[in-house]
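Engineer: Encoded as structure tokens, here's the structure I'll be asking about.
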Amino acid sequence: MSHAALLTIAVAGVATLLLLILRAKVQPFVALMVVSVGVALAAGVPAADLVKTIEDGMGATLGHIATIIALGAMIGRIIELSGGAHAFAHSLIEKFGSRRTPLALTVAGFVLGIPVFFEVGLIILMPIAYGVARAARKPLLIYALPMGAAMLTVHAFLPPHPGAVAVAATIGASQGLMLLLGLPITAVVAFLGYLVSRRLTRREYPMDPAVYAEVYGEPEAAGDGGGAGTAATAAEGGHGTAVLTKPAPSETGVRAPSFGMVLALIVTPILLILLGTIGQNTLAEGSTLRAVLTVLGAPMVALLIDVALCGWLLGARRGWNRAHIAEVMGSALPPVAMVILVAGAGGVFGKVLVASGIGDAIADVLDRTGLPVLVLGFLTSLALRAAQGSATVALITTAGILTPLLQRADLSTGQLSLVALAMGAGALALSHINDAGYWMFTKLAGLDVAAGLRTWTVLTTVMGCAGFALTAALWPLV
């Protein structure tokens, strides 16, 4: 089959995928599977090989990512239900002080965003932003906007989030190098988001009356000397509000986990993965230390160790019995099951592109554009993110499309890791009305569509472009 025919099938397949997700509201997993089967048959994959192609794509992808996503979700769930997330955020607010509370919440969103999925993190931290805004009598957006953007940054860029893990598995990037290079990039991007949000929130935006009442109380009460005056007085005192004090003991009499413990549990798997990567690149082959670090630094092993530590330090030591710990861990799996299946379906789509010859045809066209692979990764994920909304689906589809081109380019592991981060930058940008995260943030913040586009969409786009610029600046160094 000619390249022109294969490319036509590919374009029709992507267009059908977008129509199924956006217009027909088909679940992304089902849409990806339907399109994969249709593209395979249209491109001439023998019917006898169709099932094997699908199984190979699904198995190869899930073999890399299913365990990592599940273990990461368990860590986030234990931290959430133990009260660790709230305790961590409250401690940061105390340490930064009332004047720098927006920065404290940005840091909290960034750090807690590593083990906790974006949607869950937003639900956990938004009530704290409500409390601070109520106490200070300042617009909620001052606190919520940089906090939410920081969480979305980590979600788009870094393992163990599903899009980043799937990209690493598909294109052959190193998750350790993605963390080593991505952590400083995302930290700078999150801080830049904090600075840009200060400018975006200089003006006040219309706020949904129901959300306003939930944050500040009913307007009539706010006009009296009661609630508003008390909150304002407390805010002027710096730390005299309930939201700026440490959480009280729970009903069981056990205090929330300490700041240091939560931070250590979040950092532990990251350090293990980084040590494994450094060991593989600096120690001699065959050395015992390299072998030990390689095992401990494998993402699955590092997360498994951290799950055990979380279960013991945040669970058993604080009064949870084994049945309750198992129940908490199990409760983390249903929300991520569909995410794992979507990632697997993305792997099927990528396998179909390769098996049908479409991948080589796309690689030829992209190669003739003359654009660097880093730019192609960013622009492709950006276009798919803008078209269909989901950052995870954009990353998975981009990886499937570009894998044949990346294999031709003969890139090093470090360069592939930067390409993966460039894709993450594209997936961060242009969060707008077809993105579930956009609606979740704007509804919780009480924004209408226009205000959401002027704030959330603008901020995520600026941050995505900045993330790509930082990634490109590192390219000559790897």
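Ligands are numbered from 1 in the order shown, chains are lettered A, B, ... in the order of the structure tokens, and residues start at 1 in each chain.
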Please identify every residue of region 61-104 of chain A that has at least one atom no farther than 8 Å from an atom of region 332-340 of chain A, counting only C-alpha atoms, and for each give the shortest atom pair and the distance in Å to one decimal, arranged by chain then increasing number, as JSON lines.

Structural biologist:
{"residue": "A:Leu62", "atom": "CA", "partner": "A:Ile340", "partner_atom": "CA", "distance": 7.4}
{"residue": "A:Ile65", "atom": "CA", "partner": "A:Ile340", "partner_atom": "CA", "distance": 7.7}
{"residue": "A:Ala66", "atom": "CA", "partner": "A:Ile340", "partner_atom": "CA", "distance": 6.0}
{"residue": "A:Ile69", "atom": "CA", "partner": "A:Ile340", "partner_atom": "CA", "distance": 7.3}
{"residue": "A:Ala70", "atom": "CA", "partner": "A:Leu333", "partner_atom": "CA", "distance": 6.3}
{"residue": "A:Ala73", "atom": "CA", "partner": "A:Ala332", "partner_atom": "CA", "distance": 5.6}
{"residue": "A:Met74", "atom": "CA", "partner": "A:Ala332", "partner_atom": "CA", "distance": 5.3}
{"residue": "A:Arg77", "atom": "CA", "partner": "A:Ala332", "partner_atom": "CA", "distance": 5.8}

Engineer: Write out, as an mmCIF file, in the first residue's frame, the residues just selected, with N, CA, C and O atoms.

Structural biologist:
data_model
loop_
_atom_site.group_PDB
_atom_site.id
_atom_site.type_symbol
_atom_site.label_atom_id
_atom_site.label_comp_id
_atom_site.auth_asym_id
_atom_site.auth_seq_id
_atom_site.Cartn_x
_atom_site.Cartn_y
_atom_site.Cartn_z
ATOM 1 N N LEU A 62 1.026 -2.591 29.136
ATOM 2 C CA LEU A 62 0.611 -2.810 30.524
ATOM 3 C C LEU A 62 1.695 -3.505 31.339
ATOM 4 O O LEU A 62 1.768 -3.328 32.558
ATOM 5 N N ILE A 65 3.562 -0.507 32.704
ATOM 6 C CA ILE A 65 2.966 0.607 33.438
ATOM 7 C C ILE A 65 1.906 0.225 34.458
ATOM 8 O O ILE A 65 1.669 0.986 35.401
ATOM 9 N N ALA A 66 1.240 -0.925 34.313
ATOM 10 C CA ALA A 66 0.098 -1.230 35.182
ATOM 11 C C ALA A 66 0.506 -1.257 36.652
ATOM 12 O O ALA A 66 -0.152 -0.653 37.512
ATOM 13 N N ILE A 69 1.483 2.374 37.983
ATOM 14 C CA ILE A 69 0.325 3.249 38.217
ATOM 15 C C ILE A 69 -0.450 2.790 39.450
ATOM 16 O O ILE A 69 -0.867 3.604 40.285
ATOM 17 N N ALA A 70 -0.649 1.472 39.594
ATOM 18 C CA ALA A 70 -1.409 0.947 40.734
ATOM 19 C C ALA A 70 -0.695 1.240 42.054
ATOM 20 O O ALA A 70 -1.321 1.686 43.023
ATOM 21 N N ALA A 73 -0.885 4.932 42.905
ATOM 22 C CA ALA A 73 -2.216 5.280 43.405
ATOM 23 C C ALA A 73 -2.395 4.859 44.854
ATOM 24 O O ALA A 73 -3.022 5.567 45.651
ATOM 25 N N MET A 74 -1.847 3.683 45.229
ATOM 26 C CA MET A 74 -1.938 3.228 46.626
ATOM 27 C C MET A 74 -1.214 4.184 47.566
ATOM 28 O O MET A 74 -1.716 4.508 48.655
ATOM 29 N N ARG A 77 -3.285 7.247 47.997
ATOM 30 C CA ARG A 77 -4.500 6.985 48.766
ATOM 31 C C ARG A 77 -4.201 6.905 50.265
ATOM 32 O O ARG A 77 -4.956 7.441 51.090
#

Engineer: Excluding same-chain residues fewer than 5 positions from Asp410 (chain A), what lies within 12 Å of it counting only C-alpha atoms, as a PyMOL selection string?

Structural biologist: chain A and resi 171-172+373+403-405+415-416

Engineer: Find the spatial neighbours of Lys138 (chain A), counting only C-alpha atoms, within a cut-off of 12 Å - ignore same-chain residues fewer than 6 positions away - and output them as number ranges by chain.

Structural biologist: A: 98-99, 101-102, 129-132, 144, 201-204, 212, 215-216, 228, 231-232, 235

Engineer: Go ahead and write the residues just picked, all heavy atoms, as a short mmCIF file (atom, residue, chain, number, x, y, z; two decimals), in the first residue's frame.

Structural biologist:
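Written output follows (part33.cif):
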data_model
loop_
_atom_site.label_atom_id
_atom_site.label_comp_id
_atom_site.auth_asym_id
_atom_site.auth_seq_id
_atom_site.Cartn_x
_atom_site.Cartn_y
_atom_site.Cartn_z
N SER A 98 1.61 33.98 56.46
CA SER A 98 0.35 34.36 55.81
C SER A 98 0.58 35.13 54.53
O SER A 98 -0.21 35.02 53.59
CB SER A 98 -0.50 35.19 56.78
OG SER A 98 0.21 36.34 57.20
N ARG A 99 1.63 35.94 54.44
CA ARG A 99 1.84 36.73 53.24
C ARG A 99 2.25 35.87 52.04
O ARG A 99 2.04 36.27 50.90
CB ARG A 99 2.91 37.80 53.48
CG ARG A 99 2.47 38.91 54.41
CD ARG A 99 3.47 40.02 54.46
NE ARG A 99 3.02 41.13 55.29
CZ ARG A 99 3.71 42.26 55.47
NH1 ARG A 99 4.87 42.42 54.87
NH2 ARG A 99 3.22 43.21 56.24
N THR A 101 1.27 32.67 51.62
CA THR A 101 0.40 31.49 51.57
C THR A 101 0.18 30.98 50.15
O THR A 101 0.18 29.76 49.92
CB THR A 101 -0.94 31.79 52.25
OG1 THR A 101 -0.70 32.10 53.63
CG2 THR A 101 -1.87 30.59 52.18
N PRO A 102 -0.02 31.86 49.12
CA PRO A 102 -0.16 31.32 47.76
C PRO A 102 1.06 30.49 47.33
O PRO A 102 0.90 29.45 46.69
CB PRO A 102 -0.31 32.58 46.90
CG PRO A 102 -0.89 33.60 47.82
CD PRO A 102 -0.25 33.32 49.15
N ALA A 129 -7.59 25.90 50.42
CA ALA A 129 -7.60 27.20 49.74
C ALA A 129 -8.85 27.99 50.11
O ALA A 129 -8.79 29.21 50.31
CB ALA A 129 -7.51 26.99 48.23
N TYR A 130 -9.99 27.30 50.22
CA TYR A 130 -11.22 27.96 50.66
C TYR A 130 -11.02 28.61 52.03
O TYR A 130 -11.39 29.77 52.26
CB TYR A 130 -12.36 26.94 50.78
CG TYR A 130 -13.03 26.54 49.49
CD1 TYR A 130 -12.46 26.80 48.25
CD2 TYR A 130 -14.25 25.87 49.50
CE1 TYR A 130 -13.09 26.40 47.07
CE2 TYR A 130 -14.89 25.47 48.33
CZ TYR A 130 -14.30 25.73 47.13
OH TYR A 130 -14.92 25.34 45.97
N GLY A 131 -10.45 27.84 52.96
CA GLY A 131 -10.27 28.34 54.32
C GLY A 131 -9.35 29.54 54.39
O GLY A 131 -9.61 30.51 55.11
N VAL A 132 -8.25 29.50 53.63
CA VAL A 132 -7.32 30.62 53.63
C VAL A 132 -7.97 31.86 53.02
O VAL A 132 -7.82 32.97 53.54
CB VAL A 132 -6.04 30.23 52.85
CG1 VAL A 132 -5.12 31.43 52.71
CG2 VAL A 132 -5.31 29.10 53.55
N ALA A 144 -5.93 29.38 44.69
CA ALA A 144 -6.26 28.15 43.99
C ALA A 144 -5.55 28.02 42.64
O ALA A 144 -5.18 26.91 42.24
CB ALA A 144 -7.77 28.07 43.77
N THR A 201 -4.25 37.35 38.56
CA THR A 201 -5.26 37.52 39.61
C THR A 201 -5.27 38.94 40.19
O THR A 201 -5.85 39.17 41.24
CB THR A 201 -5.03 36.51 40.75
OG1 THR A 201 -3.68 36.63 41.25
CG2 THR A 201 -5.24 35.09 40.27
N ARG A 202 -4.63 39.88 39.49
CA ARG A 202 -4.70 41.27 39.96
C ARG A 202 -6.11 41.82 39.87
O ARG A 202 -6.51 42.65 40.67
CB ARG A 202 -3.75 42.14 39.13
CG ARG A 202 -2.28 41.97 39.49
CD ARG A 202 -1.40 42.86 38.62
NE ARG A 202 0.00 42.69 38.94
CZ ARG A 202 1.00 43.27 38.28
NH1 ARG A 202 0.72 44.10 37.27
NH2 ARG A 202 2.25 43.05 38.62
N ARG A 203 -6.85 41.37 38.85
CA ARG A 203 -8.25 41.77 38.74
C ARG A 203 -9.12 40.66 39.30
O ARG A 203 -8.73 39.50 39.34
CB ARG A 203 -8.62 42.04 37.29
CG ARG A 203 -8.39 40.86 36.36
CD ARG A 203 -9.12 41.03 35.04
NE ARG A 203 -10.56 40.90 35.22
CZ ARG A 203 -11.43 40.85 34.21
NH1 ARG A 203 -10.99 40.91 32.96
NH2 ARG A 203 -12.72 40.73 34.43
N GLU A 204 -10.31 41.04 39.74
CA GLU A 204 -11.24 40.06 40.26
C GLU A 204 -12.18 39.59 39.15
O GLU A 204 -12.52 40.35 38.25
CB GLU A 204 -12.06 40.65 41.42
CG GLU A 204 -11.25 40.87 42.68
CD GLU A 204 -12.11 41.14 43.89
OE1 GLU A 204 -13.21 40.52 43.97
OE2 GLU A 204 -11.73 41.95 44.73
N TYR A 212 -19.22 31.21 46.21
CA TYR A 212 -18.93 32.37 47.05
C TYR A 212 -19.48 32.15 48.47
O TYR A 212 -18.80 32.42 49.47
CB TYR A 212 -19.53 33.64 46.44
CG TYR A 212 -19.20 34.88 47.23
CD1 TYR A 212 -18.10 35.67 46.90
CD2 TYR A 212 -19.99 35.28 48.31
CE1 TYR A 212 -17.79 36.81 47.62
CE2 TYR A 212 -19.69 36.41 49.04
CZ TYR A 212 -18.59 37.17 48.70
OH TYR A 212 -18.28 38.29 49.43
N VAL A 215 -17.39 29.67 50.37
CA VAL A 215 -16.07 30.15 50.78
C VAL A 215 -16.18 31.24 51.83
O VAL A 215 -15.52 31.20 52.87
CB VAL A 215 -15.28 30.67 49.55
CG1 VAL A 215 -13.93 31.25 49.99
CG2 VAL A 215 -15.07 29.56 48.55
N TYR A 216 -17.02 32.24 51.56
CA TYR A 216 -17.04 33.43 52.42
C TYR A 216 -18.28 33.53 53.31
O TYR A 216 -18.37 34.45 54.13
CB TYR A 216 -16.97 34.70 51.54
CG TYR A 216 -15.77 34.74 50.64
CD1 TYR A 216 -15.90 34.48 49.28
CD2 TYR A 216 -14.51 35.03 51.14
CE1 TYR A 216 -14.79 34.51 48.44
CE2 TYR A 216 -13.40 35.07 50.31
CZ TYR A 216 -13.55 34.82 48.96
OH TYR A 216 -12.46 34.85 48.14
N ALA A 228 -17.21 38.22 58.79
CA ALA A 228 -16.15 38.84 58.02
C ALA A 228 -15.16 39.54 58.91
O ALA A 228 -13.96 39.45 58.74
CB ALA A 228 -16.74 39.82 57.00
N ALA A 231 -12.93 37.03 60.64
CA ALA A 231 -11.94 36.46 59.74
C ALA A 231 -10.87 37.46 59.41
O ALA A 231 -9.68 37.14 59.35
CB ALA A 231 -12.64 35.97 58.46
N ALA A 232 -11.27 38.71 59.17
CA ALA A 232 -10.29 39.71 58.81
C ALA A 232 -9.33 39.96 59.95
O ALA A 232 -8.12 40.10 59.77
CB ALA A 232 -11.00 41.01 58.41
N ALA A 235 -6.92 37.20 60.13
CA ALA A 235 -5.94 37.22 59.05
C ALA A 235 -4.87 38.27 59.32
O ALA A 235 -3.70 38.06 59.03
CB ALA A 235 -6.63 37.50 57.71
#

Engineer: Kindly indicate which residue among A:Ser381, A:Thr67, A:Thr268, A:Ser417 lies nearest to Ile396 (chain A), using only C-alpha atoms for the distances.

Structural biologist: A:Ser381

Engineer: Env of region 458-466 of chain A: 10 Å cut, atoms = only C-alpha atoms, seq-sep filter 5 positions within chain, self excluded. Answer as number ranges by chain.

Structural biologist: A: 145-146, 148-150, 152-153, 156-157, 185-186, 188-194, 196-197, 200, 378, 382, 422-432, 452-453, 471-472

Engineer: Once you have the residues from the selection above, write them out as a compact mmCIF listing (two decimals), in the first residue's frame, restricted to C-alpha atoms.

Structural biologist:
# COMPACT_ATOMS: atom_id res chain seq x y z
CA LEU A 145 -4.83 29.06 40.57
CA PRO A 146 -1.09 28.49 41.19
CA GLY A 148 -3.92 23.72 40.74
CA ALA A 149 -1.48 24.57 37.96
CA ALA A 150 1.43 23.12 39.96
CA LEU A 152 -1.27 19.68 36.68
CA THR A 153 2.39 20.30 35.79
CA ALA A 156 1.71 15.99 32.70
CA PHE A 157 5.49 15.62 33.10
CA ILE A 185 12.21 21.64 35.08
CA THR A 186 8.80 21.18 36.69
CA VAL A 188 10.90 26.04 37.75
CA VAL A 189 7.69 25.80 35.70
CA ALA A 190 5.56 25.62 38.86
CA PHE A 191 7.33 28.68 40.32
CA LEU A 192 6.87 30.52 37.04
CA GLY A 193 3.19 29.59 37.20
CA TYR A 194 3.03 31.14 40.68
CA VAL A 196 2.28 34.53 36.29
CA SER A 197 -0.79 33.76 38.41
CA LEU A 200 -3.51 37.12 36.25
CA PHE A 378 5.89 19.05 21.73
CA LEU A 382 0.01 20.07 22.02
CA ALA A 422 8.73 17.80 25.69
CA MET A 423 5.60 15.75 25.05
CA GLY A 424 4.61 16.43 28.68
CA ALA A 425 5.02 20.17 28.06
CA GLY A 426 2.61 19.94 25.14
CA ALA A 427 0.13 17.97 27.25
CA LEU A 428 0.26 20.63 29.98
CA ALA A 429 -0.70 23.51 27.67
CA LEU A 430 -4.10 24.54 26.31
CA SER A 431 -6.34 23.07 28.98
CA HIS A 432 -9.73 24.40 27.88
CA GLY A 452 -11.57 30.11 33.11
CA LEU A 453 -10.15 30.70 29.63
CA THR A 471 13.61 21.04 27.94
CA ALA A 472 15.10 22.39 24.71

Engineer: Give me, please, the distance in Å between CA of Thr106 (chain A) and CA of Pro184 (chain A), quoted to one decimal.

Structural biologist: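 Computing the Euclidean distance for CA of Thr106 (chain A) and CA of Pro184 (chain A) yields 15.0 Å.
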
Engineer: Extract, using only C-alpha atoms, all DNA, RNA and protein residues at most 8 Å from region 310-313 of chain A, discarding same-chain residues fewer than 2 positions from it, and format them as a PyMOL selection string.

Structural biologist: chain A and resi 75+78-79+265+306-308+315-318+325

Engineer: Identify which of the residues A:Ser91, A:Ile362, A:Leu447, A:Trp475 lies closest to Pro139 (chain A), counting only C-alpha atoms when measuring atom-to-atom distances.

Structural biologist: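 Selected residue with least distance to Pro139 (chain A): A:Leu447.
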
Engineer: Name the closest residue to Thr53 (chain A) among the candidates A:Ala436, A:Ala345, A:Leu112, A:Ala363; distances are taken between atoms, counting only C-alpha atoms.

Structural biologist: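 Residue with the minimum atom-to-atom distance to Thr53 (chain A): A:Ala345.
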
Engineer: What gap, in Å, lies between CA of Leu304 (chain A) and CA of Lys351 (chain A)?

Structural biologist: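 Value for the CA of Leu304 (chain A)-CA of Lys351 (chain A) distance: 29.0 Å.
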
Engineer: Could you state the separation of CA of Gly344 (chain A) and CA of Arg385 (chain A) in Å, given to one decimal place?

Structural biologist: 18.5 Å

Engineer: Quick one: everything within 9 Å of Leu303 (chain A), counting only C-alpha atoms, minus sequence neighbours fewer than 5 positions away in the same chain. Send it as a VMD selection string.

Structural biologist: chain A and resid 68 71 to 72 75 160 268 to 270 272 298 308

Engineer: How would you write, as a PyMOL selection string, the set of residues in region 2-174 of chain A that DSSP gives as alpha helix (DSSP H)?

Structural biologist: chain A and resi 3-22+28-42+47-81+84-96+101-112+118-136+141-157+162-171

Engineer: Selection from above, C-alpha atoms, as a short mmCIF file (atom, residue, chain, number, x, y, z; two decimals), in the first residue's frame, can you write it?

Structural biologist:
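Produced file out.cif, reproduced below:
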data_model
loop_
_atom_site.label_atom_id
_atom_site.label_comp_id
_atom_site.auth_asym_id
_atom_site.auth_seq_id
_atom_site.Cartn_x
_atom_site.Cartn_y
_atom_site.Cartn_z
CA HIS A 3 2.42 5.98 1.72
CA ALA A 4 -0.34 8.34 0.61
CA ALA A 5 -3.00 5.69 1.25
CA LEU A 6 -1.49 4.79 4.64
CA LEU A 7 -1.37 8.44 5.68
CA THR A 8 -4.98 8.92 4.61
CA ILE A 9 -5.98 5.97 6.79
CA ALA A 10 -3.99 7.42 9.70
CA VAL A 11 -5.64 10.85 9.38
CA ALA A 12 -9.07 9.24 9.12
CA GLY A 13 -8.30 7.12 12.17
CA VAL A 14 -7.27 10.09 14.33
CA ALA A 15 -10.26 12.11 13.11
CA THR A 16 -12.58 9.22 13.96
CA LEU A 17 -10.98 8.93 17.39
CA LEU A 18 -11.60 12.62 18.07
CA LEU A 19 -15.20 12.41 16.86
CA LEU A 20 -15.92 9.37 19.01
CA ILE A 21 -14.50 11.02 22.13
CA LEU A 22 -15.76 14.57 21.60
CA PRO A 28 -11.57 6.78 25.44
CA PHE A 29 -10.66 3.11 26.01
CA VAL A 30 -13.47 1.89 23.78
CA ALA A 31 -12.78 4.60 21.20
CA LEU A 32 -9.08 3.70 21.01
CA MET A 33 -9.85 0.00 20.62
CA VAL A 34 -12.47 0.56 17.91
CA VAL A 35 -10.19 2.89 15.96
CA SER A 36 -7.22 0.54 16.35
CA VAL A 37 -9.19 -2.39 14.89
CA GLY A 38 -10.55 -0.23 12.07
CA VAL A 39 -7.15 1.22 11.16
CA ALA A 40 -5.51 -2.22 11.25
CA LEU A 41 -8.08 -3.73 8.87
CA ALA A 42 -8.09 -0.72 6.56
CA ALA A 47 -7.29 -10.75 9.89
CA ALA A 48 -5.41 -13.76 11.31
CA ASP A 49 -2.81 -11.41 12.83
CA LEU A 50 -5.26 -8.83 14.17
CA VAL A 51 -5.84 -10.39 17.60
CA LYS A 52 -2.13 -11.06 18.12
CA THR A 53 -1.29 -7.46 17.21
CA ILE A 54 -3.83 -6.18 19.75
CA GLU A 55 -2.59 -8.57 22.45
CA ASP A 56 1.05 -7.63 21.80
CA GLY A 57 0.30 -3.92 22.02
CA MET A 58 -1.77 -4.25 25.17
CA GLY A 59 0.60 -6.66 26.89
CA ALA A 60 3.79 -4.76 26.09
CA THR A 61 2.33 -1.50 27.40
CA LEU A 62 0.61 -2.81 30.52
CA GLY A 63 3.62 -4.94 31.39
CA HIS A 64 5.54 -1.71 31.95
CA ILE A 65 2.97 0.61 33.44
CA ALA A 66 0.10 -1.23 35.18
CA THR A 67 2.06 -2.06 38.35
CA ILE A 68 3.63 1.39 38.56
CA ILE A 69 0.33 3.25 38.22
CA ALA A 70 -1.41 0.95 40.73
CA LEU A 71 1.36 1.27 43.34
CA GLY A 72 1.54 5.04 42.88
CA ALA A 73 -2.22 5.28 43.41
CA MET A 74 -1.94 3.23 46.63
CA ILE A 75 0.73 5.58 48.01
CA GLY A 76 -1.41 8.60 47.23
CA ARG A 77 -4.50 6.99 48.77
CA ILE A 78 -2.76 6.14 52.04
CA ILE A 79 -1.32 9.65 52.31
CA GLU A 80 -4.77 11.09 51.60
CA LEU A 81 -6.81 9.00 54.06
CA GLY A 84 -1.04 13.36 55.64
CA ALA A 85 -1.94 15.58 52.69
CA HIS A 86 -3.82 18.08 54.84
CA ALA A 87 -1.12 18.02 57.51
CA PHE A 88 1.57 18.63 54.89
CA ALA A 89 -0.28 21.61 53.41
CA HIS A 90 -1.02 23.14 56.82
CA SER A 91 2.62 22.80 57.86
CA LEU A 92 3.78 24.56 54.71
CA ILE A 93 1.35 27.43 55.31
CA GLU A 94 2.73 27.84 58.83
CA LYS A 95 6.33 27.76 57.61
CA PHE A 96 5.80 30.26 54.77
CA THR A 101 0.40 31.49 51.57
CA PRO A 102 -0.16 31.32 47.76
CA LEU A 103 3.45 30.17 47.37
CA ALA A 104 3.01 27.66 50.20
CA LEU A 105 -0.04 26.17 48.48
CA THR A 106 1.89 26.08 45.19
CA VAL A 107 4.64 24.07 46.86
CA ALA A 108 2.04 21.82 48.48
CA GLY A 109 0.37 21.24 45.11
CA PHE A 110 3.71 20.46 43.49
CA VAL A 111 4.95 18.02 46.13
CA LEU A 112 1.63 16.28 46.78
CA PHE A 118 -4.48 15.67 39.73
CA GLU A 119 -8.21 15.31 40.31
CA VAL A 120 -7.74 13.77 43.76
CA GLY A 121 -5.16 16.38 44.76
CA LEU A 122 -7.51 19.18 43.76
CA ILE A 123 -10.29 17.73 45.92
CA ILE A 124 -7.87 17.40 48.87
CA LEU A 125 -6.31 20.86 48.72
CA MET A 126 -9.17 23.05 47.49
CA PRO A 127 -10.91 23.14 50.93
CA ILE A 128 -7.64 24.46 52.39
CA ALA A 129 -7.60 27.20 49.74
CA TYR A 130 -11.22 27.96 50.66
CA GLY A 131 -10.27 28.34 54.32
CA VAL A 132 -7.32 30.62 53.63
CA ALA A 133 -9.36 32.82 51.27
CA ARG A 134 -12.14 33.03 53.87
CA ALA A 135 -9.71 34.04 56.61
CA ALA A 136 -7.85 36.62 54.52
CA LEU A 141 -8.23 32.48 42.75
CA ILE A 142 -5.09 33.98 44.32
CA TYR A 143 -4.58 30.71 46.21
CA ALA A 144 -6.26 28.15 43.99
CA LEU A 145 -4.83 29.06 40.57
CA PRO A 146 -1.09 28.49 41.19
CA MET A 147 -1.84 25.47 43.40
CA GLY A 148 -3.92 23.72 40.74
CA ALA A 149 -1.48 24.57 37.96
CA ALA A 150 1.43 23.12 39.96
CA MET A 151 -0.44 19.82 40.38
CA LEU A 152 -1.27 19.68 36.68
CA THR A 153 2.39 20.30 35.79
CA VAL A 154 3.54 17.24 37.72
CA HIS A 155 0.65 15.21 36.28
CA ALA A 156 1.71 15.99 32.70
CA PHE A 157 5.49 15.62 33.10
CA PRO A 162 0.05 7.43 33.71
CA GLY A 163 0.82 9.56 30.67
CA ALA A 164 4.51 9.96 31.54
CA VAL A 165 4.87 6.27 32.42
CA ALA A 166 3.19 5.19 29.18
CA VAL A 167 5.39 7.49 27.09
CA ALA A 168 8.56 6.19 28.75
CA ALA A 169 7.53 2.59 28.08
CA THR A 170 6.52 3.26 24.47
CA ILE A 171 9.52 5.26 23.25
#

Engineer: Using only C-alpha atoms, which of the listed residues (A:Leu274, A:Leu195, A:Val449, A:Ala473) sits closest to Leu296 (chain A)?

Structural biologist: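 Result for the nearest residue to Leu296 (chain A): A:Leu274.
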